[in-house]
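These notes concern the structure reproduced below.
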Amino acid sequence: MAKILAGVGTSHIPAIGAALDNGKSGEAYWKPVFDGYQRSKQWLAEIKPDVVILVYNDHGTAFGLDVVPTFALGIAAEYPPADEGWGPRPVPVIKGHLELSRHLAESLIFAGFDLTIVNEMAVDHGLTVPLSLMCGQPQEWPFKVIPLAVNVVLYPPPTGKRCFKLGQAIRKAVENFDQDLRVVVFGTGGMSHQLHGERAGLINREWDNKFLDDLTADPQRLAQLPHIEYMREAGAEGIELIMWLIMRGALNEKVREVYRFYHVPGSNTAVGNIIIENT
Amino acid sequence: MRKPRDYDDIPGTYVFDFERSHQGYHLNMFCMSLLKPENRKAFLEDERGYLEKFPMTAEQRQSVLDRDWLGMVKLGGNIYYTSKIGATLGKSFQYIAAEMSGVSQQEYADMMLKGGRSPIGNRSIAGKK
């Protein structure tokens, strides 16, 4: 049977991808970020997942304002890196896992999650930057990826509570899949940041670290947080953090934090990374 | 009339809700068209002519021509979309953020290096806390 082994929370800041692609990862500004991910990279290489379910958001790339799916699950064989205005990132094509993604789509819909199903989609920095941070610059990504795109651009995004429950349904669905697969779930985005308006540049170190603490100590508190709290405390774009709750919901009640990294700034954003294992 | 929202109280913030997305629909979809290299080329060759293809308001067009990044947001632009104009012009998110918050890129970058803009005093218009 398939099994979810762990969850990864990570920022998906586009400037990190650009730094890596342009050979700037050793520069003084970026070095602490890439150094901070070394331990996570090593951990992931050792845990060797077959499939990563990657929760992220599209930034007006594959989805415009014409159609805005709240939850969109990719069931394609592959996903090309998107051109976001400066040409596609020079990273490998992302390979899907057809059988597991079909099983997930069917199971989740029967569990009451009315997903949008995606057969063709280019993926932007929201998906590719986490892969780069966690895997570096390989010729091929070392596992299959099932993208789960969440709307956090057009208000209102789904509630944190709904995200958490979707995670729980993902766990059940994965556990009912009859192939022996090692699965890791990534929740991406955040941490605190605001990219627009006169308040751009907002960072809330204290709030972010409490969020990291409560992923293990009190995930139920996080699941109850209303949108206004994210926007007020972690910046309007900090609301991306609801996506980490899908990752957390997909893990056992009892978990342990393996590693945490927090760094300000990554361009406009607080960089956060956490590894949580099922016990 | 628009129903008041809890987030109206956050200073310097323009939550991209359904009203704003309607107001800025064509502005944002123009931005999205810049994901194609041939459209970036056409825009750079004749900005005014290219903008005419999209049924946005004269004010919205002017905000693009003026590189008025905060103005675009106030007219319904969403940062994830307007940043595609930035990408086309070779301008980063950080450049745009500095412009919107009314400081030089250097001052903004320095603020971020010092830990970013504090939430203290920036949480609430009513509470000024």
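To be explicit about the labels: the chains of the structure tokens are called A, B, and onward in the order shown, and within each one the residues are counted from 1, while ligands get numbers from 1 in the order they are shown.
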
Would you list the contacts of Glu99 of chain B as a PDB file with N, CA and C atoms, in the first residue's frame, taking every protein, DNA or RNA residue within 10 Å and counting only C-alpha atoms, but skipping same-chain residues closer than 2 positions in sequence?
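Done, and the output landed in selection30.pdb:
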```
ATOM      1  N   HIS A 196       2.211  44.009  -2.320  1.00  0.00           N
ATOM      2  CA  HIS A 196       1.522  45.132  -2.969  1.00  0.00           C
ATOM      3  C   HIS A 196       1.146  46.213  -1.959  1.00  0.00           C
ATOM      4  N   GLY A 197       0.852  47.399  -2.504  1.00  0.00           N
ATOM      5  CA  GLY A 197       0.366  48.506  -1.682  1.00  0.00           C
ATOM      6  C   GLY A 197       1.465  49.170  -0.872  1.00  0.00           C
ATOM      7  N   GLU A 198       1.064  50.192  -0.121  1.00  0.00           N
ATOM      8  CA  GLU A 198       2.040  50.948   0.670  1.00  0.00           C
ATOM      9  C   GLU A 198       2.616  50.102   1.805  1.00  0.00           C
ATOM     10  N   ALA A 200       3.715  47.083   1.480  1.00  0.00           N
ATOM     11  CA  ALA A 200       4.606  46.054   0.927  1.00  0.00           C
ATOM     12  C   ALA A 200       5.845  45.911   1.808  1.00  0.00           C
TER      13      ALA A 200
ATOM     14  N   ARG B  67       3.944  53.650 -15.683  1.00  0.00           N
ATOM     15  CA  ARG B  67       4.581  52.752 -14.704  1.00  0.00           C
ATOM     16  C   ARG B  67       4.142  53.151 -13.297  1.00  0.00           C
ATOM     17  N   ASP B  68       2.867  53.448 -13.172  1.00  0.00           N
ATOM     18  CA  ASP B  68       2.312  53.846 -11.881  1.00  0.00           C
ATOM     19  C   ASP B  68       1.829  52.577 -11.181  1.00  0.00           C
ATOM     20  N   TRP B  69       2.755  51.896 -10.508  1.00  0.00           N
ATOM     21  CA  TRP B  69       2.485  50.554  -9.974  1.00  0.00           C
ATOM     22  C   TRP B  69       1.404  50.571  -8.908  1.00  0.00           C
ATOM     23  N   LEU B  70       1.422  51.581  -8.041  1.00  0.00           N
ATOM     24  CA  LEU B  70       0.383  51.670  -7.017  1.00  0.00           C
ATOM     25  C   LEU B  70      -0.959  52.028  -7.668  1.00  0.00           C
ATOM     26  N   PHE B  93      10.101  42.062  -8.600  1.00  0.00           N
ATOM     27  CA  PHE B  93       9.066  42.276  -7.589  1.00  0.00           C
ATOM     28  C   PHE B  93       9.524  43.334  -6.586  1.00  0.00           C
ATOM     29  N   GLN B  94      10.809  43.258  -6.244  1.00  0.00           N
ATOM     30  CA  GLN B  94      11.296  44.166  -5.205  1.00  0.00           C
ATOM     31  C   GLN B  94      11.299  45.618  -5.705  1.00  0.00           C
ATOM     32  N   TYR B  95      11.617  45.800  -6.971  1.00  0.00           N
ATOM     33  CA  TYR B  95      11.564  47.137  -7.562  1.00  0.00           C
ATOM     34  C   TYR B  95      10.134  47.667  -7.491  1.00  0.00           C
ATOM     35  N   ILE B  96       9.176  46.816  -7.882  1.00  0.00           N
ATOM     36  CA  ILE B  96       7.770  47.229  -7.906  1.00  0.00           C
ATOM     37  C   ILE B  96       7.288  47.529  -6.481  1.00  0.00           C
ATOM     38  N   ALA B  97       7.690  46.683  -5.533  1.00  0.00           N
ATOM     39  CA  ALA B  97       7.270  46.877  -4.142  1.00  0.00           C
ATOM     40  C   ALA B  97       7.809  48.195  -3.595  1.00  0.00           C
ATOM     41  N   SER B 101       5.568  51.390  -2.279  1.00  0.00           N
ATOM     42  CA  SER B 101       5.599  51.900  -0.905  1.00  0.00           C
ATOM     43  C   SER B 101       6.299  53.255  -0.833  1.00  0.00           C
ATOM     44  N   GLY B 102       6.649  53.813  -1.984  1.00  0.00           N
ATOM     45  CA  GLY B 102       7.089  55.204  -2.039  1.00  0.00           C
ATOM     46  C   GLY B 102       8.510  55.470  -1.571  1.00  0.00           C
ATOM     47  N   VAL B 103       9.379  54.450  -1.675  1.00  0.00           N
ATOM     48  CA  VAL B 103      10.786  54.655  -1.314  1.00  0.00           C
ATOM     49  C   VAL B 103      11.680  54.173  -2.465  1.00  0.00           C
ATOM     50  N   SER B 104      12.959  54.488  -2.390  1.00  0.00           N
ATOM     51  CA  SER B 104      13.869  54.021  -3.435  1.00  0.00           C
ATOM     52  C   SER B 104      14.083  52.518  -3.267  1.00  0.00           C
ATOM     53  N   GLN B 105      14.561  51.898  -4.326  1.00  0.00           N
ATOM     54  CA  GLN B 105      14.775  50.451  -4.249  1.00  0.00           C
ATOM     55  C   GLN B 105      15.825  50.132  -3.177  1.00  0.00           C
ATOM     56  N   TYR B 108      14.242  50.383   0.258  1.00  0.00           N
ATOM     57  CA  TYR B 108      13.362  49.232   0.462  1.00  0.00           C
ATOM     58  C   TYR B 108      14.196  47.981   0.754  1.00  0.00           C
TER      59      TYR B 108
END
```

Can you work out which residues from chain A touch chain B at a cut-off of 8 Å (counting only C-alpha atoms) and hand them back as an MDAnalysis selection string?
chainID A and resid 59:61 64:65 83:87 153:156 195:204 228 231:233 236 264:265 267:268

Could you turn the residues from that selection into a file that holds N, CA and C atoms, as an mmCIF file, in the first residue's frame?
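As written to disk, out16.cif reads:
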```cif
data_model
loop_
_atom_site.group_PDB
_atom_site.id
_atom_site.type_symbol
_atom_site.label_atom_id
_atom_site.label_comp_id
_atom_site.auth_asym_id
_atom_site.auth_seq_id
_atom_site.Cartn_x
_atom_site.Cartn_y
_atom_site.Cartn_z
ATOM 1 N N HIS A 59 0.189 31.606 -10.147
ATOM 2 C CA HIS A 59 0.206 33.064 -10.004
ATOM 3 C C HIS A 59 -0.205 33.725 -11.320
ATOM 4 N N GLY A 60 -1.420 33.464 -11.777
ATOM 5 C CA GLY A 60 -1.858 34.065 -13.046
ATOM 6 C C GLY A 60 -1.035 33.557 -14.211
ATOM 7 N N THR A 61 -0.704 32.282 -14.177
ATOM 8 C CA THR A 61 0.138 31.702 -15.224
ATOM 9 C C THR A 61 -0.663 30.674 -16.028
ATOM 10 N N GLY A 64 -5.955 32.142 -15.527
ATOM 11 C CA GLY A 64 -6.111 33.600 -15.501
ATOM 12 C C GLY A 64 -7.259 33.947 -14.583
ATOM 13 N N LEU A 65 -7.900 35.079 -14.875
ATOM 14 C CA LEU A 65 -9.087 35.433 -14.099
ATOM 15 C C LEU A 65 -10.342 34.917 -14.794
ATOM 16 N N ASP A 83 6.518 29.837 -18.871
ATOM 17 C CA ASP A 83 7.110 31.149 -19.163
ATOM 18 C C ASP A 83 6.321 32.180 -18.355
ATOM 19 N N GLU A 84 6.980 32.804 -17.387
ATOM 20 C CA GLU A 84 6.277 33.770 -16.531
ATOM 21 C C GLU A 84 6.605 35.205 -16.916
ATOM 22 N N GLY A 85 7.149 35.382 -18.102
ATOM 23 C CA GLY A 85 7.453 36.736 -18.563
ATOM 24 C C GLY A 85 8.922 36.934 -18.878
ATOM 25 N N TRP A 86 9.742 35.969 -18.476
ATOM 26 C CA TRP A 86 11.186 36.057 -18.786
ATOM 27 C C TRP A 86 11.696 34.731 -19.357
ATOM 28 N N GLY A 87 10.780 33.950 -19.937
ATOM 29 C CA GLY A 87 11.155 32.640 -20.481
ATOM 30 C C GLY A 87 11.026 31.580 -19.409
ATOM 31 N N VAL A 153 -5.095 33.679 -4.857
ATOM 32 C CA VAL A 153 -4.917 34.976 -5.520
ATOM 33 C C VAL A 153 -6.202 35.798 -5.460
ATOM 34 N N LEU A 154 -7.312 35.175 -5.802
ATOM 35 C CA LEU A 154 -8.608 35.872 -5.801
ATOM 36 C C LEU A 154 -9.324 35.558 -4.494
ATOM 37 N N TYR A 155 -9.623 36.624 -3.724
ATOM 38 C CA TYR A 155 -10.282 36.448 -2.438
ATOM 39 C C TYR A 155 -11.755 36.083 -2.636
ATOM 40 N N PRO A 156 -12.311 35.139 -1.894
ATOM 41 C CA PRO A 156 -11.674 34.388 -0.824
ATOM 42 C C PRO A 156 -11.093 33.054 -1.261
ATOM 43 N N LEU A 195 3.267 41.880 -1.028
ATOM 44 C CA LEU A 195 3.938 42.306 -2.260
ATOM 45 C C LEU A 195 3.321 43.564 -2.848
ATOM 46 N N HIS A 196 2.211 44.009 -2.320
ATOM 47 C CA HIS A 196 1.522 45.132 -2.969
ATOM 48 C C HIS A 196 1.146 46.213 -1.959
ATOM 49 N N GLY A 197 0.852 47.399 -2.504
ATOM 50 C CA GLY A 197 0.366 48.506 -1.682
ATOM 51 C C GLY A 197 1.465 49.170 -0.872
ATOM 52 N N GLU A 198 1.064 50.192 -0.121
ATOM 53 C CA GLU A 198 2.040 50.948 0.670
ATOM 54 C C GLU A 198 2.616 50.102 1.805
ATOM 55 N N ARG A 199 1.938 49.015 2.147
ATOM 56 C CA ARG A 199 2.403 48.158 3.247
ATOM 57 C C ARG A 199 3.330 47.040 2.754
ATOM 58 N N ALA A 200 3.715 47.083 1.480
ATOM 59 C CA ALA A 200 4.606 46.054 0.927
ATOM 60 C C ALA A 200 5.845 45.911 1.808
ATOM 61 N N GLY A 201 6.303 44.686 1.950
ATOM 62 C CA GLY A 201 7.519 44.439 2.726
ATOM 63 C C GLY A 201 7.247 43.998 4.153
ATOM 64 N N LEU A 202 5.963 43.850 4.503
ATOM 65 C CA LEU A 202 5.634 43.432 5.874
ATOM 66 C C LEU A 202 6.179 42.034 6.158
ATOM 67 N N ILE A 203 6.830 41.914 7.304
ATOM 68 C CA ILE A 203 7.348 40.623 7.776
ATOM 69 C C ILE A 203 6.969 40.489 9.245
ATOM 70 N N ASN A 204 6.539 39.310 9.654
ATOM 71 C CA ASN A 204 6.171 39.097 11.057
ATOM 72 C C ASN A 204 6.826 37.821 11.570
ATOM 73 N N ILE A 228 -8.613 36.910 7.793
ATOM 74 C CA ILE A 228 -8.185 38.250 8.215
ATOM 75 C C ILE A 228 -6.921 38.192 9.054
ATOM 76 N N MET A 231 -3.916 37.875 6.734
ATOM 77 C CA MET A 231 -3.666 39.091 5.948
ATOM 78 C C MET A 231 -3.135 40.219 6.830
ATOM 79 N N ARG A 232 -3.709 40.362 8.014
ATOM 80 C CA ARG A 232 -3.283 41.422 8.921
ATOM 81 C C ARG A 232 -1.889 41.143 9.495
ATOM 82 N N GLU A 233 -1.671 39.915 9.935
ATOM 83 C CA GLU A 233 -0.447 39.587 10.675
ATOM 84 C C GLU A 233 0.711 39.154 9.778
ATOM 85 N N ALA A 236 -0.809 40.513 3.209
ATOM 86 C CA ALA A 236 -1.925 40.065 2.367
ATOM 87 C C ALA A 236 -1.563 38.791 1.603
ATOM 88 N N VAL A 264 15.117 35.809 7.008
ATOM 89 C CA VAL A 264 14.618 37.045 6.403
ATOM 90 C C VAL A 264 15.817 37.834 5.911
ATOM 91 N N PRO A 265 15.780 38.378 4.688
ATOM 92 C CA PRO A 265 14.711 38.261 3.709
ATOM 93 C C PRO A 265 15.084 37.346 2.551
ATOM 94 N N SER A 267 14.208 38.274 -0.876
ATOM 95 C CA SER A 267 13.566 39.339 -1.656
ATOM 96 C C SER A 267 12.553 40.079 -0.771
ATOM 97 N N ASN A 268 11.244 39.834 -0.927
ATOM 98 C CA ASN A 268 10.218 40.532 -0.126
ATOM 99 C C ASN A 268 9.632 39.676 0.977
#
```

Compile the contact shell of Pro130 of chain A as a ChimeraX atom specification: residues with an atom at most 9 Å away, counting only C-alpha atoms, same-chain residues fewer than 2 positions apart removed.
/A:10-13,17,54,125-128,132-135,186,188-189

Would you kindly return, as a list of chain:residue names, each protein, DNA or RNA residue with an atom no farther than 12 Å from any atom of Asp178 of chain A, considering only C-alpha atoms and excluding same-chain residues fewer than 2 positions away?
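Residues near the query, excluding close chain neighbours: A:Met1, A:Ala2, A:Lys3, A:Glu99, A:Leu100, A:His103, A:Ala173, A:Val174, A:Glu175, A:Asn176, A:Asp180, A:Leu181, A:Arg182.
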
DSSP on the backbone: what in segment 52-147 of chain A comes out strand (DSSP E), as a list in words?
Val52, Ile53, Leu54, Val55, Tyr56, Phe71, Ala72, Leu73, Gly74, Glu78, Tyr79, Ile94, Lys95, Thr116, Ile117, Val118, Lys144, Val145, Ile146 and Pro147 of chain A

Give me the residues within 8 Å of Val184 of chain A as a VMD selection string, counting only C-alpha atoms and dropping any in the same chain fewer than 6 places off.
chain A and resid 4 to 8 49 51 to 53

Based on the backbone DSSP call, show me all residues of segment 172-266 of chain A assigned alpha helix (DSSP H), as a ChimeraX atom specification.
/A:172-175,205-217,219-224,227-234,242-249

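One distance worth recording is that between atom CA of Pro88 of chain A and atom CA of Gln106 of chain B, which is 28.2 Å.
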
Restricting the calculation to only C-alpha atoms, which member of B:Lys128, B:Lys91, B:Arg61, B:Arg2 is positioned closest to Gly49 of chain B?
B:Arg61

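In this model, the gap between atom CA of Gly96 of chain A and atom CA of Ala122 of chain A comes to 12.4 Å.
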
Show me, as a PyMOL selection string, the residues that have an atom within 12 Å of Arg221 of chain A when counting only C-alpha atoms, minus same-chain residues fewer than 4 positions from it.
chain A and resi 160-161+164+210-217+225-226+245

Report the distance between atom CA of His263 of chain A and atom CA of Pro158 of chain A in Å, rounded to one decimal place.
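That distance, rounded to one decimal, is 27.4 Å.
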
So, with only C-alpha atoms as the atoms that count, which of B:Lys3, B:Asn39, B:Leu75, B:Leu27 lies closest to Phe54 of chain B?
B:Leu27
